[in-house]
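Q: start.cif is reproduced below (mmCIF, C-alpha atoms).
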```
data_model
#
loop_
_atom_site.label_atom_id
_atom_site.label_comp_id
_atom_site.auth_asym_id
_atom_site.auth_seq_id
_atom_site.Cartn_x
_atom_site.Cartn_y
_atom_site.Cartn_z
CA MET Z 1 3.51 -0.11 5.08
CA TRP Z 2 0.05 -0.04 3.48
CA PHE Z 3 -1.30 1.20 6.81
CA MET Z 4 1.07 4.18 6.51
CA VAL Z 5 -0.13 4.79 2.94
CA ILE Z 6 -3.76 4.88 4.09
CA LEU Z 7 -2.90 7.06 7.11
CA PHE Z 8 -0.96 9.62 5.05
CA GLY Z 9 -3.67 9.49 2.37
CA ILE Z 10 -6.30 10.53 4.90
CA ILE Z 11 -4.04 13.24 6.32
CA THR Z 12 -3.22 14.53 2.82
CA VAL Z 13 -6.86 14.76 1.73
CA THR Z 14 -7.80 16.48 5.00
CA LEU Z 15 -5.00 19.04 4.68
CA LEU Z 16 -5.64 19.73 0.99
CA SER Z 17 -9.25 20.50 1.83
CA GLY Z 18 -7.93 23.44 3.88
CA LYS Z 19 -9.43 22.21 7.12
CA GLY Z 20 -6.53 20.36 8.66
CA GLY Z 21 -4.88 23.03 10.75
CA PHE Z 22 -5.31 20.88 13.85
CA LEU Z 23 -2.99 18.30 12.27
CA ILE Z 24 -0.06 20.69 11.81
CA ALA Z 25 2.49 20.31 14.59
CA GLY Z 26 3.37 23.64 16.20
CA TYR Z 27 0.50 25.53 14.58
CA ASN Z 28 -2.17 23.53 16.42
CA LEU Z 29 -0.64 24.50 19.78
CA ALA Z 30 0.14 28.12 18.90
CA SER Z 31 -1.59 31.09 20.52
CA LYS Z 32 -4.34 33.01 18.74
CA GLU Z 33 -1.89 35.82 18.06
CA GLU Z 34 0.58 33.45 16.42
CA LYS Z 35 -2.12 31.72 14.40
CA ALA Z 36 -3.34 35.11 13.15
CA LYS Z 37 -0.01 35.52 11.35
CA TYR Z 38 -0.86 32.66 8.99
CA ASN Z 39 -3.56 31.87 6.47
CA GLU Z 40 -4.71 28.52 7.86
CA LYS Z 41 -6.22 27.27 4.59
CA LYS Z 42 -3.07 28.00 2.59
CA LEU Z 43 -0.88 26.51 5.31
CA SER Z 44 -2.99 23.35 5.42
CA ARG Z 45 -2.81 22.94 1.65
CA VAL Z 46 0.95 23.45 1.57
CA MET Z 47 1.36 20.84 4.31
CA GLY Z 48 -1.02 18.59 2.37
CA GLY Z 49 1.29 18.79 -0.63
CA CYS Z 50 4.18 17.78 1.62
CA THR Z 51 2.37 14.76 3.09
CA GLY Z 52 1.13 13.85 -0.40
CA VAL Z 53 4.71 13.49 -1.64
CA ILE Z 54 5.56 11.34 1.39
CA MET Z 55 2.48 9.20 0.76
CA ILE Z 56 3.61 8.56 -2.81
CA MET Z 57 7.00 7.47 -1.46
CA PHE Z 58 5.25 5.03 0.89
CA VAL Z 59 3.20 3.65 -2.02
CA ILE Z 60 6.36 2.99 -4.05
CA ILE Z 61 8.12 1.36 -1.09
CA ALA Z 62 5.05 -0.76 -0.28
CA ILE Z 63 4.97 -2.12 -3.84
CA PHE Z 64 8.67 -2.58 -4.47
CA LYS Z 65 9.71 -3.06 -0.83
CA ASP Z 66 13.44 -3.61 -0.21
CA GLN Z 67 14.22 -3.54 -3.93
CA PHE Z 68 13.46 0.19 -3.98
CA LEU Z 69 15.30 0.90 -0.74
CA ASP Z 70 18.39 -1.01 -1.87
CA ASN Z 71 18.73 0.85 -5.17
CA PHE Z 72 17.08 4.24 -4.65
CA SER Z 73 17.47 5.08 -0.95
CA TRP Z 74 19.55 8.14 -1.93
CA LEU Z 75 16.75 9.34 -4.22
CA LEU Z 76 14.16 8.83 -1.46
CA LEU Z 77 16.25 10.86 1.00
CA THR Z 78 16.80 13.65 -1.56
CA ILE Z 79 13.09 13.91 -2.38
CA ILE Z 80 12.11 14.05 1.29
CA ILE Z 81 14.72 16.75 2.07
CA MET Z 82 13.62 18.85 -0.93
CA ASP Z 83 9.97 18.32 0.04
CA VAL Z 84 10.60 19.61 3.57
CA ILE Z 85 12.67 22.59 2.36
CA VAL Z 86 10.06 23.69 -0.18
CA THR Z 87 7.30 23.26 2.41
CA MET Z 88 9.13 25.41 4.97
CA ILE Z 89 9.77 28.16 2.41
CA LEU Z 90 6.13 28.24 1.29
CA ALA Z 91 4.85 28.09 4.88
CA ASN Z 92 6.84 31.20 5.77
CA THR Z 93 6.06 33.17 2.61
CA ILE Z 94 2.77 32.67 0.79
CA CYS Z 95 1.07 31.26 3.92
CA LYS Z 96 1.67 34.41 5.96
CA SER Z 97 -1.54 36.36 6.55
CA LYS Z 98 -1.42 39.98 5.34
CA GLN Z 99 -4.31 41.09 7.51
CA GLU Z 100 -6.27 39.64 10.38
CA PHE Z 101 -9.66 40.07 8.80
CA ILE Z 102 -10.69 39.86 5.16
CA SER Z 103 -13.50 41.63 3.38
CA GLU Z 104 -16.67 39.91 2.26
CA ILE Z 105 -15.42 39.96 -1.33
CA GLU Z 106 -12.19 38.28 -0.33
CA ASP Z 107 -14.20 35.81 1.73
CA GLU Z 108 -16.23 34.90 -1.35
CA ARG Z 109 -13.01 34.46 -3.30
CA GLU Z 110 -11.70 32.15 -0.60
CA ILE Z 111 -14.87 30.08 -0.82
CA ALA Z 112 -14.48 29.82 -4.60
CA LYS Z 113 -10.84 28.83 -4.19
CA SER Z 114 -11.85 26.25 -1.60
CA ARG Z 115 -14.32 24.69 -4.00
CA SER Z 116 -11.71 24.67 -6.73
CA MET Z 117 -9.16 23.09 -4.39
CA LYS Z 118 -11.63 20.36 -3.46
CA LYS Z 119 -11.89 19.48 -7.15
CA TYR Z 120 -8.10 19.31 -7.43
CA THR Z 121 -8.02 17.18 -4.28
CA TRP Z 122 -10.37 14.66 -5.81
CA VAL Z 123 -8.39 14.65 -9.07
CA PHE Z 124 -5.15 14.12 -7.13
CA THR Z 125 -6.69 11.26 -5.12
CA ILE Z 126 -8.10 9.59 -8.24
CA MET Z 127 -4.71 9.88 -9.96
CA ILE Z 128 -3.01 8.17 -7.00
CA PHE Z 129 -5.48 5.31 -7.07
CA CYS Z 130 -5.09 4.99 -10.86
CA VAL Z 131 -1.29 4.79 -10.60
CA VAL Z 132 -1.44 2.23 -7.79
CA GLY Z 133 -4.14 0.27 -9.62
CA ALA Z 134 -2.10 0.19 -12.84
CA LEU Z 135 0.94 -1.13 -10.97
CA LEU Z 136 -1.18 -3.89 -9.43
CA VAL Z 137 -2.56 -5.26 -12.72
CA THR Z 138 0.31 -4.76 -15.18
CA GLY Z 139 3.77 -6.24 -15.65
CA ASN Z 140 5.32 -9.14 -17.54
CA VAL Z 141 8.31 -11.45 -17.65
CA THR Z 142 9.97 -12.69 -20.81
CA VAL Z 143 12.43 -15.58 -20.91
CA GLN Z 144 14.85 -15.67 -23.85
CA LEU Z 145 17.10 -18.64 -24.56
CA LYS Z 146 20.41 -17.30 -25.85
CA GLU Z 147 23.32 -19.33 -27.16
CA ASP Z 148 25.05 -19.68 -23.79
CA MET Z 149 22.53 -18.43 -21.25
CA ILE Z 150 18.94 -17.89 -20.20
CA GLU Z 151 17.95 -14.24 -20.09
CA ILE Z 152 15.03 -13.33 -17.81
CA ASN Z 153 13.66 -9.82 -18.40
CA SER Z 154 11.12 -8.31 -16.02
CA SER Z 155 9.19 -5.08 -16.49
CA ASP Z 156 8.89 -4.51 -12.73
CA TRP Z 157 11.88 -6.14 -11.06
CA SER Z 158 15.58 -6.72 -11.73
CA ASP Z 159 16.54 -8.86 -14.73
CA LYS Z 160 18.60 -12.03 -14.40
CA THR Z 161 20.87 -14.13 -16.61
CA ILE Z 162 21.75 -17.77 -15.96
CA SER Z 163 24.49 -19.58 -17.86
CA TYR Z 164 23.54 -23.10 -18.99
CA ASP Z 165 26.77 -24.33 -17.40
CA GLU Z 166 25.51 -23.10 -14.00
CA ILE Z 167 22.32 -25.18 -14.18
CA ASN Z 168 22.58 -28.54 -12.40
CA SER Z 169 19.03 -29.71 -13.07
CA VAL Z 170 15.76 -28.62 -14.70
CA SER Z 171 12.35 -29.86 -13.60
CA TYR Z 172 8.70 -29.16 -14.33
CA THR Z 173 6.14 -29.16 -11.52
CA GLU Z 174 2.61 -28.11 -10.69
CA ASN Z 175 3.06 -28.62 -6.98
CA ILE Z 176 4.66 -25.56 -5.40
CA THR Z 177 3.72 -23.57 -2.35
CA VAL Z 178 5.23 -20.19 -3.17
CA GLY Z 179 5.85 -19.31 0.45
CA ARG Z 180 6.83 -15.91 1.81
CA ARG Z 181 8.34 -13.05 -0.18
CA THR Z 182 11.43 -11.67 1.55
CA ASN Z 183 12.35 -9.12 -1.12
CA GLY Z 184 10.70 -8.17 -4.37
CA ILE Z 185 7.27 -7.13 -5.61
CA GLY Z 186 3.80 -8.58 -5.74
CA SER Z 187 0.64 -7.60 -7.60
CA PHE Z 188 -2.60 -9.14 -8.79
CA LYS Z 189 -0.73 -10.41 -11.87
CA MET Z 190 2.89 -11.12 -10.90
CA GLN Z 191 5.08 -12.37 -8.07
CA GLU Z 192 8.77 -11.63 -8.42
CA GLY Z 193 11.73 -11.54 -6.09
CA HIS Z 194 13.36 -13.52 -3.32
CA PHE Z 195 11.03 -16.01 -1.64
CA LYS Z 196 11.30 -18.63 1.08
CA ASN Z 197 9.34 -21.89 1.41
CA THR Z 198 9.78 -25.36 2.91
CA GLN Z 199 10.61 -26.98 -0.45
CA TYR Z 200 13.55 -24.87 -1.61
CA GLY Z 201 14.36 -22.63 1.32
CA ASN Z 202 15.49 -19.26 -0.09
CA TYR Z 203 14.93 -19.06 -3.84
CA ILE Z 204 14.21 -16.58 -6.66
CA LEU Z 205 10.79 -16.49 -8.31
CA TYR Z 206 9.51 -14.96 -11.56
CA SER Z 207 5.87 -16.02 -11.74
CA TYR Z 208 2.51 -15.23 -13.28
CA ILE Z 209 -0.04 -15.79 -10.51
CA LYS Z 210 -2.71 -17.36 -12.72
CA CYS Z 211 -0.32 -20.00 -14.04
CA LYS Z 212 0.05 -22.92 -11.60
CA SER Z 213 2.87 -24.74 -13.37
CA TYR Z 214 6.54 -23.94 -12.82
CA ILE Z 215 10.03 -24.58 -14.14
CA VAL Z 216 12.54 -25.20 -11.36
CA LEU Z 217 16.19 -24.45 -12.14
CA GLU Z 218 18.74 -25.73 -9.65
CA THR Z 219 21.83 -23.60 -10.21
CA ASN Z 220 25.22 -23.25 -8.56
CA SER Z 221 24.03 -20.08 -6.84
CA GLY Z 222 20.62 -21.38 -5.70
CA MET Z 223 17.13 -22.23 -6.89
CA VAL Z 224 15.34 -20.17 -9.54
CA VAL Z 225 11.67 -20.78 -10.33
CA ILE Z 226 9.95 -19.33 -13.41
CA ASN Z 227 6.82 -19.84 -15.47
CA ALA Z 228 4.94 -18.40 -18.45
CA LYS Z 229 1.45 -16.96 -18.82
CA ASP Z 230 -0.24 -20.38 -18.94
CA ASN Z 231 0.52 -24.08 -18.46
CA HIS Z 232 1.01 -24.78 -22.17
CA GLU Z 233 3.56 -22.00 -22.64
CA THR Z 234 5.34 -23.07 -19.45
CA LYS Z 235 5.56 -26.68 -20.63
CA THR Z 236 6.91 -25.58 -24.01
CA LEU Z 237 9.48 -23.33 -22.35
CA TYR Z 238 10.53 -26.17 -20.05
CA GLU Z 239 11.22 -28.49 -23.00
CA ALA Z 240 13.27 -25.81 -24.74
CA ILE Z 241 15.34 -25.08 -21.63
CA LYS Z 242 15.89 -28.78 -20.98
CA GLN Z 243 17.16 -29.26 -24.50
CA LYS Z 244 19.56 -26.32 -24.21
CA VAL Z 245 20.91 -27.59 -20.88
CA ASN Z 246 21.45 -31.10 -22.29
CA GLU Z 247 23.36 -29.64 -25.22
CA HIS Z 248 25.79 -28.03 -22.81
#
```
Kindly return the structure encoded in the file as structure tokens.

A:
Amino acid sequence: MWFMVILFGIITVTLLSGKGGFLIAGYNLASKEEKAKYNEKKLSRVMGGCTGVIMIMFVIIAIFKDQFLDNFSWLLLTIIIMDVIVTMILANTICKSKQEFISEIEDEREIAKSRSMKKYTWVFTIMIFCVVGALLVTGNVTVQLKEDMIEINSSDWSDKTISYDEINSVSYTENITVGRRTNGIGSFKMQEGHFKNTQYGNYILYSYIKCKSYIVLETNSGMVVINAKDNHETKTLYEAIKQKVNEH
């Protein structure tokens, strides 16, 4: 998926620069007479906007993976359809060339517009990298011990509640191989979602990457592994959960 993000990123930047006519299906194979009906720079930039939207969709899917597809597939489909419709309308209206040749003054204006568009292209690219970068270094998980349940709240993934009556055992460990994520999200700070390893098989993880200690909850519906920001907080949380479970 990240390969697709990089690929569409390169295509988007090329098209937004106004020099990507060779990338546009149909236009690149058209005759000179057909091409003369369109302003190639405008057409390239419109198509660049279209691929830019698709690239953003790929970025979101790459970060959230199946969690996004499961809950927002309808939104993804709607955005893509609207993106294509708007692109087709613009391609057949503002991208149509009014005359085959332009005057020197108009040529100078086009050059100025091209320079301006390059600036916007760089701003757009930087914004994309900033958004992706922010998603990779932010996020948190809070665990609240209620009267009858544990409430796990995540800023980036789905929340979860576990009744104390559902918990069969609670253990503290510093020896876990996280394994492979099958559904969820991952960043430089957090790992959250459904995972699979040799110790627990399929299990749910809410974890800060820098913290190497974990609380393992064996519940009626499967294994849930959580931790806090550091080993001390995790140990304290473990003792509190253990006490609550023993009380029930």

Q: At what distance in Å, to one decimal, does atom CA of Met88 of chain Z lie from atom CA of Ala36 of chain Z?

A: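 Between atom CA of Ala36 of chain Z and atom CA of Met88 of chain Z the gap works out to 17.8 Å.
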
Q: Find the distance between atom CA of Met223 of chain Z and atom CA of Glu147 of chain Z and write it in Å to one decimal.

A: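 Separation of atom CA of Met223 of chain Z and atom CA of Glu147 of chain Z: 21.4 Å.
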
Q: Which neighbours of Ala91 of chain Z fall inside 12 Å, counting all atoms listed in the file, when residues of the same chain fewer than 3 positions from it are skipped, and could you give them as a VMD selection string?

A: chain Z and resid 24 27 37 to 50 84 to 88 94 to 97

Q: Which residues, written as JSON, numbers by chain, have at least one atom at most 8 Å from Ala228 of chain Z, with only C-alpha atoms counted and residues fewer than 6 positions away on the same chain left out?

A: {"Z": [141, 142, 207, 208, 211, 234, 237]}

Q: For the PyMOL selection byres ((chain Z and resi 195) around 9), applied here, can you spell out every residue it catches as number ranges by chain?

A: Z: 178-184, 192-194, 196-197, 201-205
